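Asker: Below is the file upload33.tsv, with TSV, C-alpha atoms and all ligand atoms.
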chain	number	residue	atom	x	y	z
A	20	MET	CA	-17.75	12.28	43.75
A	21	SER	CA	-18.60	9.25	41.69
A	22	PHE	CA	-17.12	8.57	38.30
A	23	GLU	CA	-16.38	5.66	36.07
A	24	LEU	CA	-12.94	5.16	34.67
A	25	LYS	CA	-12.17	3.36	31.43
A	26	ILE	CA	-8.73	2.30	30.20
A	27	GLU	CA	-8.97	4.56	27.18
A	28	THR	CA	-9.53	7.68	29.28
A	29	ALA	CA	-6.94	6.87	31.97
A	30	LYS	CA	-3.96	9.20	32.32
A	31	ARG	CA	-1.59	6.80	34.02
A	32	VAL	CA	-1.96	3.05	33.56
A	33	VAL	CA	-0.12	0.22	35.32
A	34	VAL	CA	-0.34	-3.11	33.50
A	35	LYS	CA	0.46	-6.26	35.50
A	36	ILE	CA	1.44	-9.39	33.61
A	37	GLY	CA	1.73	-12.79	35.25
A	38	SER	CA	4.39	-15.41	34.51
A	39	ALA	CA	1.97	-17.85	32.89
A	40	LEU	CA	1.11	-15.32	30.17
A	41	LEU	CA	4.68	-14.37	29.36
A	42	VAL	CA	6.33	-17.74	29.59
A	43	ASP	CA	5.24	-20.99	27.98
A	44	MET	CA	5.29	-23.14	31.09
A	45	SER	CA	5.84	-26.39	29.19
A	46	THR	CA	9.02	-25.20	27.48
A	47	GLY	CA	10.16	-22.36	29.75
A	48	THR	CA	10.43	-20.05	26.73
A	49	LEU	CA	9.04	-16.63	26.15
A	50	ARG	CA	5.69	-16.18	24.33
A	51	GLU	CA	7.09	-13.62	21.95
A	52	ASP	CA	4.11	-13.16	19.61
A	53	TRP	CA	1.83	-12.49	22.51
A	54	LEU	CA	4.30	-10.07	24.04
A	55	ASN	CA	4.54	-8.16	20.76
A	56	SER	CA	0.75	-7.93	20.57
A	57	LEU	CA	0.70	-6.49	24.08
A	58	ALA	CA	3.46	-4.02	23.17
A	59	SER	CA	1.28	-2.67	20.36
A	60	ASP	CA	-1.59	-2.20	22.84
A	61	LEU	CA	0.76	-0.31	25.15
A	62	ALA	CA	1.95	1.87	22.30
A	63	ALA	CA	-1.67	2.73	21.50
A	64	LEU	CA	-2.25	3.80	25.11
A	65	LYS	CA	0.86	5.96	25.00
A	66	ALA	CA	-0.14	7.46	21.66
A	67	GLY	CA	-3.42	8.43	23.34
A	68	GLY	CA	-1.41	10.45	25.89
A	69	ALA	CA	-1.29	8.05	28.85
A	70	ASP	CA	1.76	7.22	30.95
A	71	VAL	CA	2.27	3.47	30.88
A	72	LEU	CA	4.04	1.29	33.45
A	73	ILE	CA	4.48	-2.46	33.39
A	74	VAL	CA	4.74	-4.78	36.36
A	75	SER	CA	6.08	-7.97	34.88
A	76	SER	CA	6.58	-11.36	36.49
A	77	GLY	CA	8.43	-14.13	34.72
A	78	ALA	CA	11.97	-13.93	36.07
A	79	ILE	CA	11.76	-17.15	38.04
A	80	ALA	CA	9.84	-18.96	35.28
A	81	LEU	CA	12.47	-17.97	32.69
A	82	GLY	CA	15.49	-18.67	34.88
A	83	ARG	CA	14.63	-21.97	36.51
A	84	ARG	CA	15.20	-24.16	33.47
A	85	VAL	CA	18.46	-22.49	32.62
A	86	LEU	CA	19.76	-23.46	36.05
A	87	GLY	CA	18.33	-26.97	35.72
A	88	PHE	CA	15.75	-26.74	38.52
A	89	LYS	CA	13.23	-29.42	37.57
A	90	GLN	CA	11.15	-29.74	40.75
A	91	THR	CA	7.89	-27.75	40.94
A	92	ARG	CA	8.55	-26.23	44.36
A	93	LEU	CA	11.77	-24.30	44.69
A	94	LYS	CA	13.47	-23.33	47.94
A	95	LEU	CA	13.66	-19.58	48.54
A	96	GLU	CA	17.33	-19.37	47.56
A	97	GLU	CA	16.67	-21.45	44.45
A	98	SER	CA	13.90	-19.15	43.26
A	99	GLN	CA	16.14	-16.18	44.01
A	100	ALA	CA	18.92	-17.74	41.95
A	101	ALA	CA	16.44	-18.50	39.14
A	102	ALA	CA	15.23	-14.88	39.28
A	103	ALA	CA	18.81	-13.60	38.97
A	104	VAL	CA	19.20	-15.48	35.70
A	105	GLY	CA	15.66	-14.94	34.43
A	106	GLN	CA	15.49	-11.19	35.12
A	107	VAL	CA	18.23	-10.58	32.55
A	108	ALA	CA	16.22	-12.42	29.91
A	109	LEU	CA	12.99	-10.76	31.02
A	110	ALA	CA	14.40	-7.25	30.76
A	111	HIS	CA	15.84	-8.07	27.36
A	112	ALA	CA	12.49	-9.45	26.17
A	113	TRP	CA	10.73	-6.26	27.19
A	114	GLN	CA	13.36	-4.09	25.59
A	115	LYS	CA	12.95	-5.98	22.34
A	116	ALA	CA	9.15	-5.97	22.39
A	117	LEU	CA	8.87	-2.28	23.30
A	118	ASP	CA	11.51	-1.38	20.74
A	119	THR	CA	9.25	-2.76	17.97
A	120	GLN	CA	6.97	0.15	18.94
A	121	LYS	CA	9.86	2.63	19.35
A	122	LEU	CA	9.30	2.70	23.11
A	123	ILE	CA	12.08	2.89	25.69
A	124	ALA	CA	12.13	0.15	28.35
A	125	ALA	CA	13.45	1.08	31.81
A	126	GLN	CA	14.07	-1.71	34.31
A	127	VAL	CA	13.03	-0.92	37.89
A	128	LEU	CA	13.50	-3.58	40.59
A	129	LEU	CA	11.78	-2.85	43.88
A	130	THR	CA	11.75	-4.39	47.34
A	131	LEU	CA	8.96	-3.95	49.85
A	132	ASN	CA	10.83	-1.19	51.68
A	133	ASP	CA	10.77	0.93	48.55
A	134	THR	CA	7.03	1.42	48.78
A	135	GLU	CA	6.68	1.11	52.56
A	136	GLU	CA	9.46	3.34	53.91
A	137	ARG	CA	8.92	7.04	53.33
A	138	ARG	CA	12.42	8.03	52.26
A	139	ARG	CA	12.84	5.17	49.84
A	140	TYR	CA	9.30	5.65	48.64
A	141	LEU	CA	10.02	9.26	47.72
A	142	ASN	CA	13.18	8.24	45.89
A	143	ALA	CA	11.50	5.44	43.95
A	144	ARG	CA	8.64	7.75	43.09
A	145	SER	CA	10.85	10.53	41.77
A	146	THR	CA	12.90	8.13	39.65
A	147	ILE	CA	9.77	6.63	38.11
A	148	THR	CA	8.26	10.07	37.58
A	149	ALA	CA	11.46	11.20	35.84
A	150	LEU	CA	11.29	8.18	33.53
A	151	LEU	CA	7.65	8.85	32.67
A	152	ALA	CA	8.42	12.50	32.00
A	153	ARG	CA	10.92	11.36	29.35
A	154	GLY	CA	8.35	9.03	27.79
A	155	ALA	CA	10.04	5.80	28.94
A	156	VAL	CA	8.08	2.73	29.99
A	157	PRO	CA	9.16	1.49	33.44
A	158	VAL	CA	9.24	-2.31	33.54
A	159	ILE	CA	8.95	-3.16	37.21
A	160	ASN	CA	9.49	-6.40	39.09
A	161	GLU	CA	10.31	-7.35	42.63
A	162	ASN	CA	14.04	-7.46	43.30
A	163	ASP	CA	13.73	-11.18	43.98
A	164	THR	CA	17.42	-11.90	44.48
A	165	VAL	CA	17.75	-9.67	47.53
A	166	ALA	CA	14.23	-9.72	48.96
A	167	THR	CA	14.08	-12.20	51.85
A	168	THR	CA	10.90	-13.81	53.18
A	169	GLU	CA	10.07	-11.08	55.69
A	170	ILE	CA	10.54	-8.25	53.25
A	171	ARG	CA	8.88	-9.68	50.16
A	172	TYR	CA	5.80	-8.50	48.40
A	173	GLY	CA	5.64	-12.17	47.45
A	174	ASP	CA	3.24	-11.65	44.61
A	175	ASN	CA	3.22	-9.12	41.86
A	176	ASP	CA	-0.50	-8.34	42.25
A	177	ARG	CA	0.33	-6.57	45.50
A	178	LEU	CA	3.46	-5.00	44.05
A	179	ALA	CA	1.43	-3.63	41.11
A	180	ALA	CA	-1.19	-2.15	43.45
A	181	ARG	CA	1.51	-0.52	45.61
A	182	VAL	CA	3.14	0.92	42.50
A	183	ALA	CA	-0.22	2.23	41.23
A	184	SER	CA	-0.81	3.90	44.57
A	185	MET	CA	2.75	5.29	44.80
A	186	ILE	CA	2.62	7.03	41.45
A	187	SER	CA	-1.09	8.01	41.67
A	188	ALA	CA	-2.11	5.92	38.66
A	189	ASP	CA	-5.79	6.08	37.84
A	190	CYS	CA	-5.94	2.59	36.32
A	191	LEU	CA	-4.42	-0.80	37.09
A	192	VAL	CA	-4.91	-3.53	34.50
A	193	VAL	CA	-4.29	-7.04	35.83
A	194	LEU	CA	-3.93	-9.53	33.00
A	195	SER	CA	-4.74	-13.00	34.19
A	196	ASP	CA	-5.56	-16.46	32.95
A	197	VAL	CA	-9.23	-15.82	33.80
A	198	ASP	CA	-11.43	-12.97	32.64
A	199	GLY	CA	-12.32	-11.72	36.09
A	200	LEU	CA	-14.02	-12.59	39.33
A	201	TYR	CA	-16.65	-15.33	39.59
A	202	THR	CA	-19.04	-16.17	42.41
A	203	LYS	CA	-17.23	-19.52	42.79
A	204	ALA	CA	-14.43	-21.33	40.96
A	205	PRO	CA	-14.98	-20.32	37.30
A	206	ASP	CA	-15.50	-23.91	36.15
A	207	ALA	CA	-17.81	-24.87	39.05
A	208	GLU	CA	-21.47	-25.33	38.33
A	209	GLY	CA	-23.56	-22.19	38.62
A	210	ALA	CA	-20.49	-19.90	38.79
A	211	GLN	CA	-21.42	-16.40	37.71
A	212	HIS	CA	-19.15	-13.70	36.41
A	213	ILE	CA	-19.06	-10.40	38.32
A	214	GLY	CA	-18.65	-7.42	36.01
A	215	HIS	CA	-18.53	-4.55	38.42
A	216	VAL	CA	-17.40	-4.03	42.02
A	217	THR	CA	-17.51	-0.72	43.89
A	218	GLU	CA	-16.71	-2.05	47.36
A	219	ILE	CA	-14.80	-5.08	48.61
A	220	THR	CA	-17.50	-6.55	50.84
A	221	PRO	CA	-16.93	-9.78	52.82
A	222	ALA	CA	-19.04	-11.51	50.15
A	223	ILE	CA	-16.68	-10.37	47.38
A	224	ALA	CA	-13.61	-11.37	49.41
A	225	GLY	CA	-15.26	-14.77	49.99
A	226	MET	CA	-15.82	-15.32	46.27
A	227	ALA	CA	-12.16	-14.60	45.61
A	228	GLY	CA	-11.15	-17.27	48.13
A	229	GLN	CA	-13.19	-19.85	46.24
A	230	SER	CA	-12.18	-19.00	42.72
A	231	ALA	CA	-8.40	-19.28	43.10
A	232	THR	CA	-6.58	-20.40	39.99
A	233	ASP	CA	-3.61	-22.71	40.03
A	234	VAL	CA	-1.25	-20.63	37.90
A	235	GLY	CA	1.22	-18.04	39.22
A	236	THR	CA	1.69	-17.17	42.86
A	237	GLY	CA	-1.36	-14.95	42.98
A	238	GLY	CA	-4.77	-16.42	42.30
A	239	MET	CA	-7.95	-14.42	42.75
A	240	GLU	CA	-7.49	-13.75	46.44
A	241	THR	CA	-4.33	-11.68	46.00
A	242	LYS	CA	-6.00	-9.88	43.08
A	243	VAL	CA	-8.92	-8.78	45.21
A	244	LYS	CA	-6.49	-7.68	47.95
A	245	ALA	CA	-4.67	-5.68	45.28
A	246	ALA	CA	-7.99	-4.17	44.20
A	247	ARG	CA	-8.55	-2.96	47.75
A	248	ILE	CA	-5.15	-1.21	47.82
A	249	ALA	CA	-5.77	0.32	44.39
A	250	MET	CA	-9.28	1.54	45.24
A	251	GLU	CA	-8.09	3.11	48.50
A	252	ALA	CA	-5.56	5.04	46.45
A	253	GLY	CA	-8.29	6.17	44.04
A	254	ALA	CA	-7.30	3.88	41.16
A	255	ALA	CA	-9.71	1.69	39.23
A	256	MET	CA	-8.55	-1.88	38.68
A	257	VAL	CA	-9.64	-4.28	35.98
A	258	ILE	CA	-9.00	-8.02	35.89
A	259	ALA	CA	-9.03	-9.21	32.29
A	260	SER	CA	-7.98	-12.24	30.34
A	261	GLY	CA	-4.46	-12.23	28.97
A	262	ARG	CA	-5.09	-15.49	27.15
A	263	VAL	CA	-5.84	-13.57	23.96
A	264	HIS	CA	-3.64	-11.46	21.71
A	265	ASN	CA	-3.96	-7.67	22.13
A	266	PRO	CA	-5.60	-8.16	25.54
A	267	ILE	CA	-5.97	-4.44	26.29
A	268	ALA	CA	-7.55	-3.66	22.93
A	269	GLN	CA	-9.94	-6.52	23.67
A	270	VAL	CA	-11.03	-4.95	26.98
A	271	ILE	CA	-11.49	-1.59	25.28
A	272	GLY	CA	-13.53	-3.39	22.62
A	273	GLY	CA	-15.86	-4.78	25.27
A	274	ALA	CA	-14.40	-8.17	26.25
A	275	ARG	CA	-15.71	-9.59	29.50
A	276	CYS	CA	-13.73	-8.50	32.57
A	277	THR	CA	-14.21	-7.35	36.17
A	278	TRP	CA	-13.91	-3.67	37.05
A	279	PHE	CA	-13.23	-2.43	40.56
A	280	GLN	CA	-14.19	1.24	40.64
A	281	PRO	CA	-13.06	3.51	43.49
A	282	GLY	CA	-15.17	6.26	45.03
A	283	ALA	CA	-12.65	9.05	44.43
A	284	SER	CA	-9.85	10.02	42.04
A	285	PRO	CA	-6.17	9.29	42.93
A	286	GLN	CA	-5.52	12.99	43.55
A	287	ALA	CA	-8.49	13.27	45.89
A	288	ALA	CA	-7.49	10.06	47.72
A	289	ARG	CA	-3.91	11.26	48.15
A	290	LYS	CA	-4.92	14.71	49.34
A	291	ARG	CA	-7.34	13.18	51.82
A	292	TRP	CA	-4.47	11.08	53.14
A	293	ILE	CA	-2.16	14.09	53.49
A	294	ALA	CA	-4.84	16.32	55.07
A	295	GLY	CA	-6.39	13.81	57.41
A	296	THR	CA	-4.26	10.80	58.15
A	297	LEU	CA	-0.85	12.20	58.90
A	298	ASP	CA	0.04	14.13	62.04
A	299	PRO	CA	2.12	17.20	61.20
A	300	LEU	CA	5.59	16.91	62.75
A	301	GLY	CA	6.57	20.52	62.17
A	302	ARG	CA	5.48	23.98	61.16
A	303	LEU	CA	6.56	26.33	58.39
A	304	THR	CA	5.58	29.98	58.69
A	305	VAL	CA	5.25	31.68	55.33
A	306	ASP	CA	5.17	35.31	54.15
A	307	ASP	CA	2.32	36.96	52.24
A	308	GLY	CA	3.83	36.28	48.83
A	309	ALA	CA	4.06	32.55	49.51
A	310	PHE	CA	0.55	32.57	50.97
A	311	LYS	CA	-0.79	34.05	47.71
A	312	ALA	CA	1.19	31.56	45.63
A	313	LEU	CA	-0.18	28.65	47.65
A	314	THR	CA	-3.78	29.77	47.30
A	315	ALA	CA	-3.18	30.07	43.55
A	316	GLY	CA	-2.26	26.37	43.55
A	317	ARG	CA	1.53	26.74	43.36
A	318	SER	CA	4.28	24.92	45.21
A	319	LEU	CA	5.93	26.25	48.36
A	320	LEU	CA	9.42	27.56	47.58
A	321	PRO	CA	12.03	28.06	50.31
A	322	ALA	CA	12.13	31.80	49.54
A	323	GLY	CA	8.68	32.36	51.07
A	324	VAL	CA	9.39	30.61	54.38
A	325	VAL	CA	10.22	32.83	57.36
A	326	ARG	CA	10.34	30.25	60.19
A	327	VAL	CA	10.91	26.50	60.48
A	328	GLU	CA	9.90	24.59	63.62
A	329	GLY	CA	9.52	20.99	64.70
A	330	ARG	CA	11.35	17.70	64.26
A	331	PHE	CA	10.71	16.32	60.84
A	332	ALA	CA	12.53	14.24	58.27
A	333	LYS	CA	12.28	14.47	54.50
A	334	GLY	CA	8.83	13.26	53.44
A	335	ASP	CA	7.08	13.98	56.76
A	336	ALA	CA	3.87	15.95	56.98
A	337	VAL	CA	4.12	19.55	58.19
A	338	ALA	CA	1.62	22.34	58.77
A	339	ILE	CA	1.97	25.63	56.91
A	340	VAL	CA	0.91	28.71	58.88
A	341	ASN	CA	0.61	32.39	57.97
A	342	GLY	CA	1.97	35.38	59.90
A	343	ALA	CA	-1.09	35.30	62.19
A	344	ASN	CA	-0.25	31.69	63.09
A	345	GLU	CA	-3.31	30.30	61.31
A	346	GLU	CA	-2.88	26.96	59.59
A	347	ILE	CA	-3.44	27.45	55.88
A	348	ALA	CA	-2.21	24.16	54.43
A	349	ARG	CA	-0.52	20.83	55.03
A	350	GLY	CA	2.03	19.06	52.95
A	351	LEU	CA	4.87	16.57	52.67
A	352	VAL	CA	8.17	18.39	52.99
A	353	ALA	CA	11.08	17.65	50.66
A	354	TYR	CA	13.86	18.44	53.20
A	355	ASP	CA	14.52	17.52	56.83
A	356	VAL	CA	14.21	20.20	59.51
A	357	GLU	CA	17.93	21.18	59.58
A	358	ASP	CA	18.17	21.63	55.82
A	359	ALA	CA	14.77	23.33	55.63
A	360	ALA	CA	15.95	25.88	58.21
A	361	LYS	CA	19.15	26.51	56.23
A	362	ILE	CA	17.37	27.19	52.95
A	363	ALA	CA	14.38	29.10	54.39
A	364	GLY	CA	14.25	32.58	52.85
A	365	ARG	CA	16.73	31.63	50.12
A	366	LYS	CA	16.18	31.40	46.39
A	367	SER	CA	15.90	27.87	44.96
A	368	ALA	CA	19.00	28.55	42.82
A	369	GLU	CA	21.01	28.92	46.05
A	370	ILE	CA	20.04	25.51	47.48
A	371	GLU	CA	23.07	23.70	46.13
A	372	ALA	CA	25.51	26.31	47.43
A	373	VAL	CA	23.90	26.33	50.88
A	374	LEU	CA	23.46	22.57	51.37
A	375	GLY	CA	26.24	21.19	49.22
A	376	TYR	CA	23.86	19.04	47.18
A	377	ARG	CA	21.18	19.69	44.62
A	378	GLY	CA	17.76	18.85	46.04
A	379	ARG	CA	14.32	19.79	44.81
A	380	ASP	CA	13.53	23.41	43.95
A	381	GLU	CA	10.37	23.27	46.04
A	382	LEU	CA	10.22	22.87	49.80
A	383	ILE	CA	6.79	21.33	49.29
A	384	HIS	CA	5.67	20.40	45.79
A	385	ARG	CA	2.09	21.30	44.93
A	386	ASP	CA	1.23	17.61	44.39
A	387	ASP	CA	2.16	17.07	48.03
A	388	LEU	CA	0.19	20.05	49.35
A	389	VAL	CA	-3.40	20.44	50.53
A	390	LEU	CA	-4.96	23.81	51.32
A	391	LYS	CA	-7.21	23.96	54.37
A	392	GLY	CA	-10.87	23.79	53.46
A	393	THR	CA	-10.32	22.18	50.08
A	401	LIG	N1	8.71	-11.72	40.90
A	401	LIG	C1	8.38	-13.05	40.45
A	401	LIG	C2	9.04	-13.34	39.11
A	401	LIG	O1	9.40	-12.45	38.37
A	401	LIG	C3	6.89	-13.26	40.26
A	401	LIG	C4	5.99	-13.08	41.43
A	401	LIG	C5	4.53	-13.40	41.02
A	401	LIG	O2	4.34	-14.30	40.20
A	401	LIG	O3	3.60	-12.76	41.48
A	401	LIG	O4	9.19	-14.48	38.74
Using the file provided, produce a representation of the structure as structure tokens.

Answerer:
Amino acid sequence: MSFELKIETAKRVVVKIGSALLVDMSTGTLREDWLNSLASDLAALKAGGADVLIVSSGAIALGRRVLGFKQTRLKLEESQAAAAVGQVALAHAWQKALDTQKLIAAQVLLTLNDTEERRRYLNARSTITALLARGAVPVINENDTVATTEIRYGDNDRLAARVASMISADCLVVLSDVDGLYTKAPDAEGAQHIGHVTEITPAIAGMAGQSATDVGTGGMETKVKAARIAMEAGAAMVIASGRVHNPIAQVIGGARCTWFQPGASPQAARKRWIAGTLDPLGRLTVDDGAFKALTAGRSLLPAGVVRVEGRFAKGDAVAIVNGANEEIARGLVAYDVEDAAKIAGRKSAEIEAVLGYRGRDELIHRDDLVLKGT
């Protein structure tokens, strides 16, 4: 399937903002007018029905002056200390800017493990999904104060791409100090702008290496790496200039930018991953009623499960088989094998009484389920 996504038709948009756009680097203060113009763009996206998430840098840039760090290069613990101070200001700035549009800001600080480890991933994803369901705007940053060198995303381009993939966003907007990818450094002679990329070829990766910018931790190389992660997850990514007011409205209005378009939608990419990449670690046998519900596109409830086998943890892939032992679907299970066995055959309303905690109503949610042959 080939399709072309635009920001205005996206259902779930992640917007990544670099430090140099948010913070005036010469004074260390917030660029409030610009931030307000962006907030009005975000409100327009939300009014159009999209979920909006922000990945915002700027904690270190805002905090460093307050702590009196004058040198350009900070030691790891110094940047972590700066982030601890700056994140408070950053969250406040977002709350204020979003409030001008009557939007609710929700601070989410992530470390690498939150997108890389299955259990934590599922938790982070359900929290973010719950926020979106209530109309809030998650404002995400790396939890810089606790993330050590080995467990850092390091740059927010990668963090934004991981977030986009985790929550199946269809669009990632990376606002930068340049308006996209060029064949060489943008100011070099003969440099040409690339408007459209459908595959990260070695040539494209090579261009990114040459056109690095000097602002922020990212540069073009990390942006193209982020594009690869986003495209694999079925999300389109656009690199656009944030040097203008209302940068998203500008892209929608036709401003120059670089689009990276994936070959498949996020749902298709995720289902392919569940169906093909993961080895099932267990088996759930279901009754006829559950079989019918599954083929009608519904979730698998514990009530329809007659047998639980295998060794799986919450979030692992399992096979779903019918009474004749034929595999009919695969999915990511919401309970570990012991708890799944305890609630099998029970109504969802009984889960809390049986397990002593309130988990999900579904054993496998339909978003985490792929029918064989689809
Ligand atoms: N998390 C860092 C901050 O808030 C920014 C990382 C980056 O610039 O990519 O300052």

Asker: Nearest to Gly47 of chain A among A:Gly87, A:Ser59, A:Gly173, A:Thr134, with distances taken over all atoms listed in the file: which residue is it?

Answerer: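 Using all atoms listed in the file, Gly47 of chain A sits closest to A:Gly87.
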
Asker: Could you check how far atom CA of Tyr201 of chain A sits from atom CA of Cys276 of chain A, in Å to one decimal?

Answerer: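 For atom CA of Tyr201 of chain A relative to atom CA of Cys276 of chain A, the distance reads 10.2 Å.
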
Asker: Hey, can you check how far atom CA of Pro221 of chain A sits from atom CA of Ala207 of chain A?

Answerer: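 That distance, rounded to one decimal, is 20.4 Å.
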
Asker: Tell me which residues come within 12 Å of (10.4, 8.3, 46.7), as a ChimeraX atom specification, counting all atoms listed in the file in the file's coordinates.

Answerer: /A:129,132-149,182,185-186,333-334,351,353

Asker: Between atom CA of Asp174 of chain A and atom CA of Val243 of chain A, what is the distance in Å, rounded to a tenth?

Answerer: 12.5 Å

Asker: Kindly indicate which residue among A:Arg377, A:His384, A:Arg50, A:Arg83 lies nearest to ligand LIG 401 (chain A), using all atoms listed in the file for the distances.

Answerer: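 Answer, going by the shortest atom-to-atom distance: A:Arg83.
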
Asker: Find the axis-aligned box for ligand LIG 401 (chain A), covering all its listed atoms and adding 5 Å on each side, and write its centre and edge lengths in Å to one decimal as lines of an AutoDock Vina configuration file.

Answerer:
center_x = 6.5
center_y = -13.1
center_z = 39.9
size_x = 15.8
size_y = 12.8
size_z = 13.1

Asker: Using all atoms listed in the file, which protein or nucleic acid residues are at most 8 Å from ligand LIG 401 (chain A), as a ChimeraX atom specification?

Answerer: /A:37-38,75-81,102,105-106,160-163,173-176,235-237
